[in-house]
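Structure file target_28.pdb (PDB, C-alpha atoms) is printed below.
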MODEL        1
ATOM      1  CA  ILE A   1     110.639  99.315  97.213
ATOM      2  CA  LEU A   2     107.458  97.692  96.078
ATOM      3  CA  PRO A   3     105.570  99.152  93.112
ATOM      4  CA  TYR A   4     102.234  97.408  92.850
ATOM      5  CA  GLN A   5      98.857  97.712  91.158
ATOM      6  CA  ALA A   6      95.565  98.133  92.992
ATOM      7  CA  THR A   7      93.206  96.778  90.326
ATOM      8  CA  LEU A   8      89.610  97.901  90.500
ATOM      9  CA  ALA A   9      88.288  95.794  87.643
ATOM     10  CA  HIS A  10      85.885  92.981  88.461
ATOM     11  CA  ASN A  11      88.326  90.537  86.895
ATOM     12  CA  ARG A  12      91.628  90.544  85.046
ATOM     13  CA  GLU A  13      89.910  90.477  81.677
ATOM     14  CA  HIS A  14      88.973  94.111  82.159
ATOM     15  CA  ARG A  15      92.685  94.990  82.322
ATOM     16  CA  ILE A  16      93.685  93.234  79.096
ATOM     17  CA  LYS A  17      90.541  93.641  77.020
ATOM     18  CA  ALA A  18      91.505  95.128  73.677
ATOM     19  CA  ASN A  19      90.354  98.633  72.829
ATOM     20  CA  PRO A  20      88.596  98.400  69.452
ATOM     21  CA  GLU A  21      89.756 101.908  68.530
ATOM     22  CA  GLN A  22      93.409 100.860  68.858
ATOM     23  CA  ARG A  23      93.419  97.549  66.991
ATOM     24  CA  ALA A  24      96.438  97.238  64.770
ATOM     25  CA  THR A  25      94.555  96.317  61.588
ATOM     26  CA  THR A  26      91.194  96.834  59.929
ATOM     27  CA  ASN A  27      89.648  94.738  57.140
ATOM     28  CA  THR A  28      88.291  96.688  54.179
ATOM     29  CA  LYS A  29      87.196  95.215  50.815
ATOM     30  CA  ARG A  30      88.977  91.885  51.293
ATOM     31  CA  HIS A  31      92.347  93.405  52.155
ATOM     32  CA  THR A  32      94.064  94.433  55.377
ATOM     33  CA  THR A  33      95.059  98.037  56.024
ATOM     34  CA  HIS A  34      97.795  98.560  58.599
ATOM     35  CA  ARG A  35      97.583 101.675  60.712
ATOM     36  CA  LYS A  36     100.628 103.794  61.475
ATOM     37  CA  PRO A  37     102.439 102.987  64.757
ATOM     38  CA  HIS A  38     100.918 104.674  67.776
ATOM     39  CA  HIS A  39     103.513 106.629  69.753
ATOM     40  CA  ASN A  40     101.353 108.324  72.364
ATOM     41  CA  HIS A  41     102.664 106.489  75.433
ATOM     42  CA  LYS A  42     100.075 107.991  77.753
ATOM     43  CA  GLU A  43      97.193 106.744  75.597
ATOM     44  CA  GLN A  44      98.888 103.365  75.222
ATOM     45  CA  ARG A  45      99.076 103.049  78.993
ATOM     46  CA  GLU A  46      95.445 104.059  79.365
ATOM     47  CA  SER A  47      94.459 101.439  76.797
ATOM     48  CA  LYS A  48      96.511  98.782  78.601
ATOM     49  CA  ARG A  49      95.193  99.732  82.025
ATOM     50  CA  GLY A  50      91.571 100.328  81.092
ATOM     51  CA  HIS A  51      89.278 102.648  83.005
ATOM     52  CA  HIS A  52      88.962 100.672  86.247
ATOM     53  CA  THR A  53      92.495 100.545  87.600
ATOM     54  CA  LEU A  54      94.542 102.589  90.033
ATOM     55  CA  GLU A  55      98.324 102.363  89.752
ATOM     56  CA  VAL A  56      99.990 102.937  93.130
ATOM     57  CA  LEU A  57     103.706 103.264  93.842
ATOM     58  CA  ALA A  58     104.357 102.090  97.416
ATOM     59  CA  PHE A  59     107.645 102.385  99.282
ATOM     60  CA  GLY A  60     108.981 102.666 102.815
ATOM     61  CA  ASP A  61     112.132 102.958 104.935
ATOM     62  CA  SER A  62     113.397 105.346 102.302
ATOM     63  CA  GLY A  63     114.667 108.580 103.866
ATOM     64  CA  SER A  64     118.336 107.750 104.241
ATOM     65  CA  CYS A  65     120.319 110.046 101.943
ATOM     66  CA  GLU A  66     123.354 111.217 103.916
ATOM     67  CA  SER A  67     123.491 114.913 103.046
ATOM     68  CA  GLU A  68     122.684 117.677 100.593
ATOM     69  CA  PHE A  69     126.091 117.179  98.976
ATOM     70  CA  VAL A  70     125.507 113.566  97.910
ATOM     71  CA  LYS A  71     121.806 113.728  97.029
ATOM     72  CA  ASP A  72     122.472 112.799  93.384
ATOM     73  CA  SER A  73     124.623 109.779  94.223
ATOM     74  CA  CYS A  74     122.927 108.213  97.251
ATOM     75  CA  LYS A  75     121.115 104.892  96.856
ATOM     76  CA  GLN A  76     117.772 106.535  97.415
ATOM     77  CA  HIS A  77     118.228 108.626  94.278
ATOM     78  CA  GLU A  78     119.037 105.529  92.215
ATOM     79  CA  ILE A  79     115.836 103.911  93.451
ATOM     80  CA  ALA A  80     113.825 107.036  92.618
ATOM     81  CA  LEU A  81     115.187 106.955  89.058
ATOM     82  CA  ALA A  82     114.114 103.314  88.803
ATOM     83  CA  MET A  83     110.656 104.309  90.039
ATOM     84  CA  LYS A  84     110.446 106.897  87.284
ATOM     85  CA  LYS A  85     111.216 104.256  84.670
ATOM     86  CA  VAL A  86     108.471 102.016  86.066
ATOM     87  CA  CYS A  87     105.979 104.875  85.992
ATOM     88  CA  LEU A  88     106.889 105.819  82.421
ATOM     89  CA  LYS A  89     106.416 102.215  81.316
ATOM     90  CA  TYR A  90     103.311 101.227  83.260
ATOM     91  CA  GLY A  91     101.848 104.500  84.473
ATOM     92  CA  CYS A  92     101.506 105.656  88.081
ATOM     93  CA  ASP A  93      98.547 107.555  89.509
ATOM     94  CA  MET A  94      99.809 108.236  93.023
ATOM     95  CA  GLY A  95     102.304 107.104  95.633
ATOM     96  CA  ILE A  96     102.233 106.083  99.289
ATOM     97  CA  THR A  97     104.999 105.801 101.875
ATOM     98  CA  LEU A  98     104.971 103.177 104.593
ATOM     99  CA  GLY A  99     106.958 105.166 107.134
ATOM    100  CA  ASP A 100     110.538 105.978 108.128
ATOM    101  CA  ASN A 101     110.407 108.864 105.704
ATOM    102  CA  ILE A 102     113.306 110.777 107.280
ATOM    103  CA  TYR A 103     116.106 108.759 108.924
ATOM    104  CA  GLU A 104     117.435 108.605 111.595
ATOM    105  CA  ILE A 105     115.406 110.725 113.999
ATOM    106  CA  GLY A 106     112.857 112.632 111.915
ATOM    107  CA  THR A 107     112.576 116.383 111.314
ATOM    108  CA  GLU A 108     112.511 119.390 113.608
ATOM    109  CA  SER A 109     110.216 121.619 111.512
ATOM    110  CA  ALA A 110     108.322 121.816 108.226
ATOM    111  CA  ASN A 111     111.289 123.730 106.777
ATOM    112  CA  ASP A 112     113.886 121.185 107.861
ATOM    113  CA  SER A 113     116.440 120.834 105.032
ATOM    114  CA  GLN A 114     116.246 117.052 105.335
ATOM    115  CA  PHE A 115     112.932 117.143 103.479
ATOM    116  CA  ASN A 116     114.781 118.539 100.465
ATOM    117  CA  TYR A 117     117.567 115.981 100.139
ATOM    118  CA  LYS A 118     115.777 112.949 101.629
ATOM    119  CA  PHE A 119     112.453 113.328  99.825
ATOM    120  CA  ASP A 120     111.687 116.263  97.496
ATOM    121  CA  HIS A 121     114.807 116.007  95.350
ATOM    122  CA  HIS A 122     114.152 112.343  94.600
ATOM    123  CA  TYR A 123     110.376 112.080  94.339
ATOM    124  CA  ASP A 124     109.087 115.456  93.111
ATOM    125  CA  PRO A 125     110.256 114.566  89.553
ATOM    126  CA  LEU A 126     107.730 111.710  89.571
ATOM    127  CA  LYS A 127     105.007 114.390  89.538
ATOM    128  CA  LEU A 128     102.791 112.348  91.842
ATOM    129  CA  LYS A 129     100.971 113.122  95.048
ATOM    130  CA  ILE A 130     102.586 110.848  97.654
ATOM    131  CA  TYR A 131     100.535 110.122 100.778
ATOM    132  CA  ALA A 132     102.853 109.414 103.706
ATOM    133  CA  ALA A 133     102.521 107.330 106.860
ATOM    134  CA  LEU A 134     104.676 107.756 109.967
ATOM    135  CA  GLY A 135     107.375 105.271 110.959
ATOM    136  CA  ASN A 136     109.267 104.898 114.229
ATOM    137  CA  HIS A 137     112.321 106.750 112.878
ATOM    138  CA  ASP A 138     110.100 109.754 112.111
ATOM    139  CA  VAL A 139     109.152 110.258 115.761
ATOM    140  CA  VAL A 140     112.285 109.562 117.821
ATOM    141  CA  GLY A 141     112.453 111.315 121.206
ATOM    142  CA  GLY A 142     110.377 112.086 124.254
ATOM    143  CA  GLU A 143     106.663 112.829 124.179
ATOM    144  CA  ILE A 144     107.037 116.527 123.300
ATOM    145  CA  ALA A 145     109.746 115.849 120.722
ATOM    146  CA  ARG A 146     107.648 113.123 119.094
ATOM    147  CA  GLN A 147     104.646 115.416 118.761
ATOM    148  CA  ASN A 148     106.792 118.205 117.309
ATOM    149  CA  LYS A 149     108.144 115.815 114.695
ATOM    150  CA  ILE A 150     104.662 114.635 113.783
ATOM    151  CA  ASP A 151     103.534 118.256 113.461
ATOM    152  CA  ALA A 152     106.518 118.994 111.203
ATOM    153  CA  GLN A 153     105.610 116.228 108.741
ATOM    154  CA  VAL A 154     101.950 117.279 108.754
ATOM    155  CA  ALA A 155     102.824 120.947 108.166
ATOM    156  CA  ARG A 156     105.148 119.992 105.313
ATOM    157  CA  SER A 157     102.086 119.138 103.219
ATOM    158  CA  LYS A 158     101.405 122.858 102.739
ATOM    159  CA  LEU A 159     104.919 123.543 101.450
ATOM    160  CA  ALA A 160     105.792 120.570  99.256
ATOM    161  CA  ALA A 161     104.868 119.612  95.723
ATOM    162  CA  SER A 162     104.354 115.887  96.223
ATOM    163  CA  TRP A 163     104.429 115.244  99.995
ATOM    164  CA  ARG A 164     100.994 114.703 101.555
ATOM    165  CA  MET A 165     100.251 114.070 105.230
ATOM    166  CA  PRO A 166      97.227 116.130 106.304
ATOM    167  CA  ALA A 167      97.130 114.607 109.802
ATOM    168  CA  GLU A 168      98.852 112.114 112.079
ATOM    169  CA  TYR A 169      96.366 109.535 110.765
ATOM    170  CA  TYR A 170      93.876 110.235 108.002
ATOM    171  CA  ASP A 171      91.859 108.868 105.113
ATOM    172  CA  TYR A 172      91.214 109.779 101.477
ATOM    173  CA  VAL A 173      89.501 108.395  98.377
ATOM    174  CA  LYS A 174      91.086 107.878  94.963
ATOM    175  CA  ALA A 175      89.383 106.277  91.965
ATOM    176  CA  GLY A 176      86.847 104.328  93.978
ATOM    177  CA  THR A 177      89.384 103.184  96.577
ATOM    178  CA  HIS A 178      89.245 104.354 100.195
ATOM    179  CA  PHE A 179      92.680 104.609 101.827
ATOM    180  CA  PHE A 180      93.180 104.734 105.602
ATOM    181  CA  VAL A 181      96.597 105.838 106.831
ATOM    182  CA  ILE A 182      97.402 104.911 110.425
ATOM    183  CA  ASN A 183     100.100 105.944 112.880
ATOM    184  CA  SER A 184     101.193 102.499 113.994
ATOM    185  CA  ASN A 185     103.688 103.983 116.469
ATOM    186  CA  ASN A 186     100.777 104.780 118.750
ATOM    187  CA  PHE A 187      97.792 102.750 117.618
ATOM    188  CA  ASP A 188      95.704 103.438 120.721
ATOM    189  CA  GLN A 189      92.004 102.941 121.380
ATOM    190  CA  GLN A 190      91.120 106.371 120.023
ATOM    191  CA  GLN A 191      92.789 105.640 116.703
ATOM    192  CA  ALA A 192      91.373 102.109 116.587
ATOM    193  CA  SER A 193      87.849 103.480 117.106
ATOM    194  CA  TRP A 194      88.423 106.087 114.397
ATOM    195  CA  LEU A 195      89.544 103.398 111.944
ATOM    196  CA  ALA A 196      86.646 101.062 112.758
ATOM    197  CA  SER A 197      84.136 103.893 112.345
ATOM    198  CA  LYS A 198      85.644 105.050 109.059
ATOM    199  CA  LEU A 199      85.750 101.532 107.636
ATOM    200  CA  LYS A 200      82.133 100.933 108.573
ATOM    201  CA  ALA A 201      80.971 104.225 107.050
ATOM    202  CA  SER A 202      82.936 103.901 103.815
ATOM    203  CA  LYS A 203      80.835 103.477 100.672
ATOM    204  CA  GLN A 204      83.786 102.500  98.484
ATOM    205  CA  ARG A 205      84.110  98.936  97.246
ATOM    206  CA  TRP A 206      87.878  98.845  97.774
ATOM    207  CA  LYS A 207      89.471  99.711 101.118
ATOM    208  CA  VAL A 208      93.209  99.844 101.866
ATOM    209  CA  VAL A 209      94.703 100.340 105.338
ATOM    210  CA  TYR A 210      98.430 101.045 105.529
ATOM    211  CA  GLY A 211     101.055 102.018 108.071
ATOM    212  CA  HIS A 212     104.547 101.131 109.254
ATOM    213  CA  HIS A 213     103.906  98.199 111.615
ATOM    214  CA  PRO A 214     101.423  95.304 111.691
ATOM    215  CA  ILE A 215      98.472  95.929 113.997
TER
ENDMDL
END
Final structure tokens representation of the file:
Amino acid sequence: ILPYQATLAHNREHRIKANPEQRATTNTKRHTTHRKPHHNHKEQRESKRGHHTLEVLAFGDSGSCESEFVKDSCKQHEIALAMKKVCLKYGCDMGITLGDNIYEIGTESANDSQFNYKFDHHYDPLKLKIYAALGNHDVVGGEIARQNKIDAQVARSKLAASWRMPAEYYDYVKAGTHFFVINSNNFDQQQASWLASKLKASKQRWKVVYGHHPI
């Protein structure tokens, strides 16, 4: 699990520059007046992060909870609770998965119960949109089976609160950052041409390509 920050500021000073409206003290008539403690955690995070950052929670190889009956005690749930603590402390704007979303052999349909106990139950409480990439364990089987499993994860986007996978490979823009999600299980010439064309046409300063395998 790797929570990280995609910082859009020109330099680190933009992230830590003090907000004049939230300074702890003000000088008036030769004496110092202390303001009351500020307990709005959301505003505190916004002040700390500034207006030019995007906080992204990235994780992969995650879909391994054994069954519906142990969904509250499996390791994946513990990790999700740790993610929530990180997001409460630092703030999270969105999430991405790096593949192997549903171990061991993927899902049979958009209504497959595995989505519930291997993803939704753990990550919906984060209240984030999570943009998923495909891993090799998501597409196990012959050619027809692989395509059916891809279609199931794509179709799930219309049913789930946080899960997002609008296509086998796709792109989207968030806060001035252009994300390109690839299917590295089958990174053929058609997909390579799509990626090259999209990268060339992008007007965003920041570009992030992610998937399950190196390409």
For Ala152 (chain A), which residue out of A:Pro125, A:Gly176, A:Pro166, A:Gly63 is the nearest one, using all atoms listed in the file?
A:Pro166
Could you tell me how far CA of Phe119 (chain A) lies from CA of Asn101 (chain A), in Å and to one decimal?
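Straight-line distance from CA of Phe119 (chain A) to CA of Asn101 (chain A) works out to 7.7 Å.
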Please, what distance in Å, to one decimal, runs between CA of Phe180 (chain A) and CA of Tyr210 (chain A)?
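About the pair CA of Phe180 (chain A) and CA of Tyr210 (chain A): they are 6.4 Å apart.
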Straight-line distance linking CA of Gly142 (chain A) with CA of Gln189 (chain A), stated in Å to one decimal:
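Interatomic distance here is 20.7 Å.
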Neighbour list for Met165 (chain A) as number ranges by chain, cut-off 6 Å, all atoms listed in the file, skip fewer than 6 positions in-chain
A: 131-132, 154, 157
Which neighbours of region 67-79 of chain A fall inside 8 Å, counting all atoms listed in the file, when residues of the same chain fewer than 2 positions from it are skipped, and could you give them as a PDB file with C-alpha atoms, in the frame of the given file?
ATOM      1  CA  ILE A   1     110.639  99.315  97.213  1.00  0.00           C
ATOM      2  CA  SER A  62     113.397 105.346 102.302  1.00  0.00           C
ATOM      3  CA  GLY A  63     114.667 108.580 103.866  1.00  0.00           C
ATOM      4  CA  SER A  64     118.336 107.750 104.241  1.00  0.00           C
ATOM      5  CA  CYS A  65     120.319 110.046 101.943  1.00  0.00           C
ATOM      6  CA  LEU A  81     115.187 106.955  89.058  1.00  0.00           C
ATOM      7  CA  ALA A  82     114.114 103.314  88.803  1.00  0.00           C
ATOM      8  CA  MET A  83     110.656 104.309  90.039  1.00  0.00           C
ATOM      9  CA  GLN A 114     116.246 117.052 105.335  1.00  0.00           C
ATOM     10  CA  ASN A 116     114.781 118.539 100.465  1.00  0.00           C
ATOM     11  CA  TYR A 117     117.567 115.981 100.139  1.00  0.00           C
ATOM     12  CA  LYS A 118     115.777 112.949 101.629  1.00  0.00           C
ATOM     13  CA  HIS A 121     114.807 116.007  95.350  1.00  0.00           C
ATOM     14  CA  HIS A 122     114.152 112.343  94.600  1.00  0.00           C
TER      15      HIS A 122
END
Could you tell me which of A:Tyr123, A:His178, A:Gly106, A:Val86 comes closest to Ile150 (chain A) if we count only C-alpha atoms?
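Closest to Ile150 (chain A), using only C-alpha atoms: A:Gly106.
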Centre, x/y/z edge lengths, axis-aligned box for region 153-171 of chain A with 5 Å per side, as JSON:
{"center_x": 98.8, "center_y": 116.2, "center_z": 103.9, "size_x": 23.9, "size_y": 24.7, "size_z": 26.4}
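Proximity of A:Thr107, A:Ala133, A:Val181, A:Ala58 to Lys207 (chain A), computed with all atoms listed in the file, is greatest for A:Val181.
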Apply the PyMOL selection byres ((chain A and resi 203) around 12) to the structure shown and report the selected residues as a VMD selection string.
chain A and resid 173 176 to 179 198 to 202 204 to 207
I'd like to see the residues matched by the PyMOL selection byres ((chain A and resi 135) around 7) on this file, and ideally I'd get them as a tab-separated table (two decimals) with C-alpha atoms, keeping the file's coordinate frame.
chain	number	residue	atom	x	y	z
A	99	GLY	CA	106.96	105.17	107.13
A	100	ASP	CA	110.54	105.98	108.13
A	133	ALA	CA	102.52	107.33	106.86
A	134	LEU	CA	104.68	107.76	109.97
A	136	ASN	CA	109.27	104.90	114.23
A	137	HIS	CA	112.32	106.75	112.88
A	138	ASP	CA	110.10	109.75	112.11
A	185	ASN	CA	103.69	103.98	116.47
A	212	HIS	CA	104.55	101.13	109.25
Just so the selection is clear, what residues does the PyMOL selection byres ((chain A and resi 160) around 10) cover here, as a list in words?
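Against this file, the PyMOL selection byres ((chain A and resi 160) around 10) returns the residues Ala110, Asn111, Phe115, Asn116, Phe119, Asp120, Asp124, Lys129, Ala155, Arg156, Ser157, Lys158, Leu159, Ala161, Ser162, Trp163 and Arg164 of chain A.
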